[in-house]
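The next block holds one structure in the form of structure tokens; read it before the comments.
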Amino acid sequence: MIQCEHISKEFGEPPQRILHDINLSIADGEFVSISGRSGSGKSTLLYIISSLDDPTYGKVIIDGQITSKMNVKEIHEFRNKHVGFIFQFHYLLSELTALENILLPPRNLGLYEEYHERALELLKKMNISHVVNKLPSQMSGGEQQRVSIARALIMDPKYLFADEPTGNLDSVNGEIVMEILKEINQQRKTTICLVTHDPDYSKMAQREIFLSDGRVVDSL
């Protein structure tokens, strides 16, 4: 379970407050979307919830642990074992094939061979087995994004955080990505937190959290 208690975030000097006293919780296995206009603080909140950034005030508690109080080793281990990230840009390494990119997380843990078959299964599940040995430059945008999703899922994370994962895709590939996320949530009970500006995609989640000027104004 994820709990956010009185989260505020400031940037710059003098400090400018981007998030204001946010309180929310995300249950295990829940699919939540965070929506709002550009500049409302959606991505900032996601990065704090996911442990990529610390709040200026308040705390995030994941499975009973306050993320900002974890040391460097603990936070890296937590992310590697329990968290998957998907971004608007795929961030694939250009010199590696699709398979090699997917296997980066287990390779960093010395588990490359153990996860080889799972990587091939993920490629098949996402209908991109044909790109297994292709470099990112040889793939379409939709194929690149599905490879990045497979990389995020390779360690079977408990939590999956997605920041505008359909932002650079056409409507067809955007729908494919969203259906993959829904299936992951339903079949594997993965907790998913999605940031999107698209109201149709936001409604595909079980619960919508609306932000306005850094404040939660509604949660359905």
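Note on naming: chains are A, B, ... as they come in the structure tokens, residues start from 1 per chain, ligands start from 1 in the order shown.
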Next item on the list: From a DSSP calculation on the backbone, collect every residue of segment 87-198 of chain A in helix (DSSP H, G or I) and output the set as an NGL selection string.
Entry: :A and (98-102 or 104-108 or 113-125 or 129-131 or 136-138 or 141-153 or 171-188)
Check: Counting only C-alpha atoms, what is within 8 Å of Lys42 of chain A, bar same-chain residues fewer than 5 positions away, as a PyMOL selection string?
Finding: chain A and resi 34-36+195+211+214
Could you please take those selected residues and save N, CA and C atoms as a CSV table (one decimal), in the first residue's frame?
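Result file is again16.csv:
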chain,number,residue,atom,x,y,z
A,34,ILE,N,-3.7,9.8,-12.5
A,34,ILE,CA,-3.5,11.2,-12.0
A,34,ILE,C,-3.7,12.1,-13.2
A,35,SER,N,-4.7,12.9,-13.2
A,35,SER,CA,-4.9,13.8,-14.4
A,35,SER,C,-5.0,15.3,-13.9
A,36,GLY,N,-5.1,16.1,-14.9
A,36,GLY,CA,-5.1,17.5,-14.7
A,36,GLY,C,-4.5,18.3,-15.8
A,195,VAL,N,0.0,8.7,-15.0
A,195,VAL,CA,-0.2,10.1,-15.3
A,195,VAL,C,-0.6,10.2,-16.7
A,211,LEU,N,-5.8,16.8,-10.3
A,211,LEU,CA,-5.0,17.8,-9.7
A,211,LEU,C,-5.3,19.2,-10.4
A,214,GLY,N,-1.6,22.0,-8.2
A,214,GLY,CA,-0.9,21.3,-7.2
A,214,GLY,C,-1.7,20.8,-6.0
Margin query: Let's see if you can do this: from backbone DSSP, list all strand (DSSP E or B) residues in segment 38-91 of chain A, as a list in words.
Written below: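 Selecting the strand (DSSP E or B) positions of segment 38-91 of chain A gives Tyr57, Gly58, Lys59, Val60, Ile61, Ile62, Gln65, Ile66, Val83, Gly84, Phe85 and Ile86 of chain A.
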Notebook entry, point to check: If we count only C-alpha atoms, what is near Gln65 of chain A at a cut-off of 10 Å, once residues fewer than 6 positions away on the same chain are taken out, given as a PyMOL selection string?
Noted result: chain A and resi 2-3+59
Check: Smallest atom-to-atom distance to Val177 of chain A: which of A:His76, A:Lys81, A:Arg146, A:Arg118, using only C-alpha atoms?
Finding: A:Arg146
